[in-house]
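**Q** Next comes run-v9.txt, compact mmCIF, N, CA and C atoms:
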# COMPACT_ATOMS: atom_id res chain seq x y z
N MET A 557 60.69 94.43 128.51
CA MET A 557 61.89 95.12 128.10
C MET A 557 61.61 96.62 128.03
N PRO A 558 62.39 97.49 128.68
CA PRO A 558 62.11 98.92 128.67
C PRO A 558 62.31 99.52 127.29
N GLU A 559 61.55 100.57 127.01
CA GLU A 559 61.65 101.23 125.72
C GLU A 559 62.91 102.08 125.69
N LYS A 560 63.64 102.03 124.58
CA LYS A 560 64.85 102.83 124.42
C LYS A 560 64.52 104.28 124.10
N GLN A 561 63.31 104.54 123.63
CA GLN A 561 62.93 105.89 123.24
C GLN A 561 62.72 106.80 124.44
N LYS A 562 62.64 106.25 125.64
CA LYS A 562 62.42 107.07 126.82
C LYS A 562 63.64 107.90 127.17
N ALA A 563 64.77 107.63 126.54
CA ALA A 563 65.98 108.40 126.79
C ALA A 563 65.80 109.86 126.37
N GLU A 564 65.01 110.09 125.32
CA GLU A 564 64.74 111.45 124.87
C GLU A 564 63.50 111.97 125.57
N LYS A 565 63.60 113.21 126.06
CA LYS A 565 62.43 113.82 126.70
C LYS A 565 61.48 114.31 125.62
N PRO A 566 60.18 114.12 125.81
CA PRO A 566 59.24 114.67 124.84
C PRO A 566 59.25 116.20 124.94
N LEU A 567 59.05 116.85 123.81
CA LEU A 567 59.03 118.30 123.81
C LEU A 567 57.82 118.83 124.55
N ALA A 568 58.05 119.82 125.37
CA ALA A 568 56.95 120.48 126.06
C ALA A 568 56.22 121.36 125.05
N SER A 569 55.02 121.74 125.38
CA SER A 569 54.30 122.63 124.49
C SER A 569 55.03 123.97 124.41
N PHE A 570 54.79 124.69 123.35
CA PHE A 570 55.42 126.00 123.18
C PHE A 570 55.10 126.90 124.36
N GLU A 571 53.83 126.90 124.74
CA GLU A 571 53.39 127.77 125.83
C GLU A 571 54.07 127.41 127.15
N ALA A 572 54.20 126.11 127.43
CA ALA A 572 54.86 125.68 128.67
C ALA A 572 56.33 126.06 128.65
N SER A 573 56.99 125.89 127.52
CA SER A 573 58.40 126.26 127.40
C SER A 573 58.58 127.77 127.57
N LEU A 574 57.69 128.54 126.98
CA LEU A 574 57.77 129.99 127.08
C LEU A 574 57.54 130.46 128.52
N GLU A 575 56.57 129.87 129.20
CA GLU A 575 56.31 130.22 130.59
C GLU A 575 57.52 129.90 131.47
N GLU A 576 58.13 128.74 131.25
CA GLU A 576 59.32 128.37 132.02
C GLU A 576 60.47 129.32 131.72
N LEU A 577 60.63 129.70 130.47
CA LEU A 577 61.67 130.65 130.09
C LEU A 577 61.45 131.99 130.80
N GLU A 578 60.21 132.43 130.86
CA GLU A 578 59.89 133.68 131.55
C GLU A 578 60.24 133.59 133.04
N ARG A 579 59.97 132.44 133.66
CA ARG A 579 60.33 132.26 135.07
C ARG A 579 61.84 132.31 135.27
N VAL A 580 62.57 131.68 134.36
CA VAL A 580 64.04 131.68 134.44
C VAL A 580 64.56 133.11 134.33
N VAL A 581 64.04 133.86 133.36
CA VAL A 581 64.49 135.24 133.15
C VAL A 581 64.21 136.09 134.39
N LYS A 582 63.01 135.95 134.96
CA LYS A 582 62.66 136.73 136.15
C LYS A 582 63.61 136.42 137.30
N GLU A 583 63.92 135.14 137.47
CA GLU A 583 64.82 134.76 138.55
C GLU A 583 66.22 135.33 138.32
N LEU A 584 66.69 135.29 137.08
CA LEU A 584 68.00 135.85 136.77
C LEU A 584 68.02 137.36 136.96
N GLU A 585 66.94 138.02 136.54
CA GLU A 585 66.87 139.47 136.67
C GLU A 585 66.78 139.92 138.12
N ALA A 586 66.24 139.07 138.98
CA ALA A 586 66.12 139.42 140.39
C ALA A 586 67.50 139.54 141.03
N GLY A 587 68.49 138.85 140.48
CA GLY A 587 69.86 138.93 140.98
C GLY A 587 70.03 138.19 142.29
N ASP A 588 71.12 138.50 142.99
CA ASP A 588 71.43 137.89 144.28
C ASP A 588 71.46 136.36 144.20
N LEU A 589 71.94 135.83 143.09
CA LEU A 589 72.06 134.38 142.93
C LEU A 589 73.52 133.98 143.04
N PRO A 590 73.78 132.82 143.61
CA PRO A 590 75.15 132.31 143.56
C PRO A 590 75.54 132.06 142.10
N LEU A 591 76.81 132.17 141.82
CA LEU A 591 77.29 132.03 140.44
C LEU A 591 76.84 130.72 139.80
N GLU A 592 76.96 129.61 140.51
CA GLU A 592 76.58 128.32 139.95
C GLU A 592 75.10 128.26 139.61
N ARG A 593 74.27 128.82 140.47
CA ARG A 593 72.81 128.84 140.20
C ARG A 593 72.52 129.71 138.99
N ALA A 594 73.17 130.86 138.90
CA ALA A 594 72.96 131.75 137.76
C ALA A 594 73.37 131.08 136.46
N LEU A 595 74.51 130.39 136.49
CA LEU A 595 74.97 129.69 135.28
C LEU A 595 74.02 128.56 134.89
N ALA A 596 73.52 127.84 135.88
CA ALA A 596 72.58 126.75 135.60
C ALA A 596 71.29 127.31 135.00
N LEU A 597 70.80 128.42 135.54
CA LEU A 597 69.59 129.03 135.00
C LEU A 597 69.82 129.57 133.59
N PHE A 598 70.98 130.17 133.38
CA PHE A 598 71.31 130.69 132.05
C PHE A 598 71.32 129.57 131.03
N GLU A 599 71.96 128.46 131.38
CA GLU A 599 72.01 127.30 130.49
C GLU A 599 70.61 126.77 130.20
N LYS A 600 69.78 126.69 131.23
CA LYS A 600 68.41 126.23 131.06
C LYS A 600 67.64 127.18 130.14
N GLY A 601 67.85 128.48 130.33
CA GLY A 601 67.18 129.49 129.50
C GLY A 601 67.57 129.38 128.04
N ILE A 602 68.86 129.15 127.79
CA ILE A 602 69.31 128.98 126.40
C ILE A 602 68.63 127.78 125.76
N GLY A 603 68.53 126.70 126.48
CA GLY A 603 67.86 125.50 125.96
C GLY A 603 66.38 125.74 125.69
N LEU A 604 65.72 126.44 126.61
CA LEU A 604 64.30 126.74 126.42
C LEU A 604 64.08 127.67 125.23
N ALA A 605 64.95 128.67 125.08
CA ALA A 605 64.84 129.60 123.95
C ALA A 605 65.01 128.85 122.63
N GLU A 606 65.95 127.91 122.59
CA GLU A 606 66.18 127.12 121.38
C GLU A 606 64.96 126.24 121.07
N THR A 607 64.37 125.66 122.11
CA THR A 607 63.17 124.84 121.93
C THR A 607 62.04 125.68 121.35
N CYS A 608 61.83 126.87 121.90
CA CYS A 608 60.77 127.76 121.41
C CYS A 608 61.04 128.17 119.97
N ARG A 609 62.29 128.50 119.65
CA ARG A 609 62.64 128.91 118.30
C ARG A 609 62.34 127.80 117.29
N LYS A 610 62.71 126.58 117.64
CA LYS A 610 62.46 125.44 116.74
C LYS A 610 60.97 125.22 116.54
N GLN A 611 60.20 125.33 117.63
CA GLN A 611 58.76 125.13 117.51
C GLN A 611 58.11 126.22 116.66
N LEU A 612 58.59 127.46 116.79
CA LEU A 612 58.07 128.54 115.95
C LEU A 612 58.42 128.32 114.49
N GLU A 613 59.63 127.85 114.22
CA GLU A 613 60.02 127.56 112.84
C GLU A 613 59.15 126.46 112.24
N GLN A 614 58.85 125.43 113.03
CA GLN A 614 57.99 124.34 112.55
C GLN A 614 56.59 124.86 112.25
N ALA A 615 56.08 125.71 113.12
CA ALA A 615 54.75 126.27 112.90
C ALA A 615 54.73 127.13 111.65
N GLU A 616 55.78 127.93 111.46
CA GLU A 616 55.87 128.77 110.27
C GLU A 616 55.90 127.93 109.00
N THR A 617 56.64 126.83 109.04
CA THR A 617 56.72 125.93 107.89
C THR A 617 55.35 125.33 107.59
N ARG A 618 54.65 124.92 108.64
CA ARG A 618 53.31 124.35 108.43
C ARG A 618 52.36 125.37 107.80
N VAL A 619 52.43 126.62 108.25
CA VAL A 619 51.58 127.67 107.68
C VAL A 619 51.93 127.88 106.22
N GLU A 620 53.23 127.94 105.91
CA GLU A 620 53.65 128.12 104.51
C GLU A 620 53.15 126.99 103.63
N VAL A 621 53.21 125.76 104.12
CA VAL A 621 52.73 124.61 103.34
C VAL A 621 51.23 124.73 103.10
N LEU A 622 50.50 125.12 104.13
CA LEU A 622 49.05 125.28 103.98
C LEU A 622 48.72 126.38 102.98
N LEU A 623 49.47 127.46 103.01
CA LEU A 623 49.23 128.56 102.07
C LEU A 623 49.55 128.14 100.64
N LYS A 624 50.56 127.33 100.46
CA LYS A 624 50.92 126.87 99.11
C LYS A 624 49.89 125.89 98.57
N LYS A 625 49.25 125.11 99.45
CA LYS A 625 48.26 124.13 99.00
C LYS A 625 47.02 124.83 98.45
N ASN A 626 46.71 125.97 98.99
CA ASN A 626 45.54 126.71 98.55
C ASN A 626 46.00 128.05 98.02
N ALA A 627 46.21 128.12 96.73
CA ALA A 627 46.77 129.32 96.10
C ALA A 627 45.88 130.56 96.32
N LYS A 628 44.63 130.36 96.67
CA LYS A 628 43.72 131.49 96.87
C LYS A 628 44.00 132.23 98.18
N VAL A 629 44.63 131.55 99.12
CA VAL A 629 44.91 132.15 100.42
C VAL A 629 46.18 132.97 100.31
N GLN A 630 46.12 134.22 100.72
CA GLN A 630 47.27 135.11 100.68
C GLN A 630 47.67 135.49 102.10
N ALA A 631 48.95 135.43 102.38
CA ALA A 631 49.45 135.87 103.68
C ALA A 631 49.45 137.40 103.70
N GLU A 632 48.95 137.97 104.78
CA GLU A 632 48.91 139.42 104.94
C GLU A 632 49.48 139.78 106.29
N PRO A 633 50.07 140.96 106.39
CA PRO A 633 50.56 141.39 107.70
C PRO A 633 49.41 141.48 108.70
N LEU A 634 49.72 141.16 109.95
CA LEU A 634 48.73 141.22 111.00
C LEU A 634 48.22 142.66 111.15
N GLY A 635 46.92 142.83 111.19
CA GLY A 635 46.32 144.15 111.38
C GLY A 635 46.15 144.93 110.10
N ALA A 636 46.40 144.31 108.96
CA ALA A 636 46.24 145.02 107.68
C ALA A 636 44.76 145.23 107.40
N ASP A 637 44.42 146.44 106.99
CA ASP A 637 43.03 146.74 106.65
C ASP A 637 42.77 146.37 105.20
N ASN A 638 41.65 145.68 104.98
CA ASN A 638 41.29 145.24 103.63
C ASN A 638 40.06 145.99 103.15
N GLU A 639 40.10 147.28 103.21
CA GLU A 639 38.93 148.06 102.80
C GLU A 639 39.06 148.53 101.38
Would you mind writing the structure in this file as structure tokens?

**A**
Amino acid sequence: MPEKQKAEKPLASFEASLEELERVVKELEAGDLPLERALALFEKGIGLAETCRKQLEQAETRVEVLLKKNAKVQAEPLGADNE
């Protein structure tokens, strides 16, 4: 019996989604696309951007949880000097 869970696509890695989004943007920026192709790429780009945003939010939540578990760890801005 086939699995019903195969209906949903597994999420691609953040890096793979970002690379694909960059390819879509480059193709759109190059121009000279038929309207239907441009719309299809735009729609794909919106979906990829949303996927990346969700993955970043999940990563941020995981970092916040880890920081709360260890009260000694303090979040600092990237590149802050601790001298």

**Q** Give the answer as one residue: which of A:Cys608, A:Leu597, A:Ala615, A:Val621 has the shortest atom-to-atom distance to Arg579 in chain A, using only C-alpha atoms?

**A**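 Nearest candidate to Arg579 in chain A out of A:Cys608, A:Leu597, A:Ala615, A:Val621: A:Leu597.
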
**Q** Hey, which of A:Ala594, A:Ala568, A:Val580, A:Leu589 ends up closest to Lys610 in chain A? Count only C-alpha atoms.

**A**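 Of A:Ala594, A:Ala568, A:Val580, A:Leu589, the one nearest Lys610 in chain A, counting only C-alpha atoms, is A:Ala568.
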
**Q** Could you state the separation of CA of Phe570 in chain A and atom N of Arg609 in chain A in Å, given to one decimal place?

**A**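 Computing it gives 8.1 Å between the two atoms.
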
**Q** Grab the CA of Leu577 in chain A to CA of Arg618 in chain A distance for me, in Å with one decimal place.

**A** 24.1 Å

**Q** Pick out the residues sitting within 12 Å of Arg593 in chain A, and hand them over as a PyMOL selection string; count only C-alpha atoms, and ignore anything fewer than 6 positions along from it in its own chain.

**A** chain A and resi 580+583-584+587+599-600

**Q** One decimal, in Å: what's the spacing between atom N of Leu591 in chain A and CA of Glu575 in chain A?

**A**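 Going from atom N of Leu591 in chain A over to CA of Glu575 in chain A covers 23.5 Å.
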
**Q** Given the choices A:Val619, A:Leu574, A:Ala586, A:Val581, which gets closest to Leu604 in chain A if the distance is worked out from only C-alpha atoms?

**A** A:Leu574
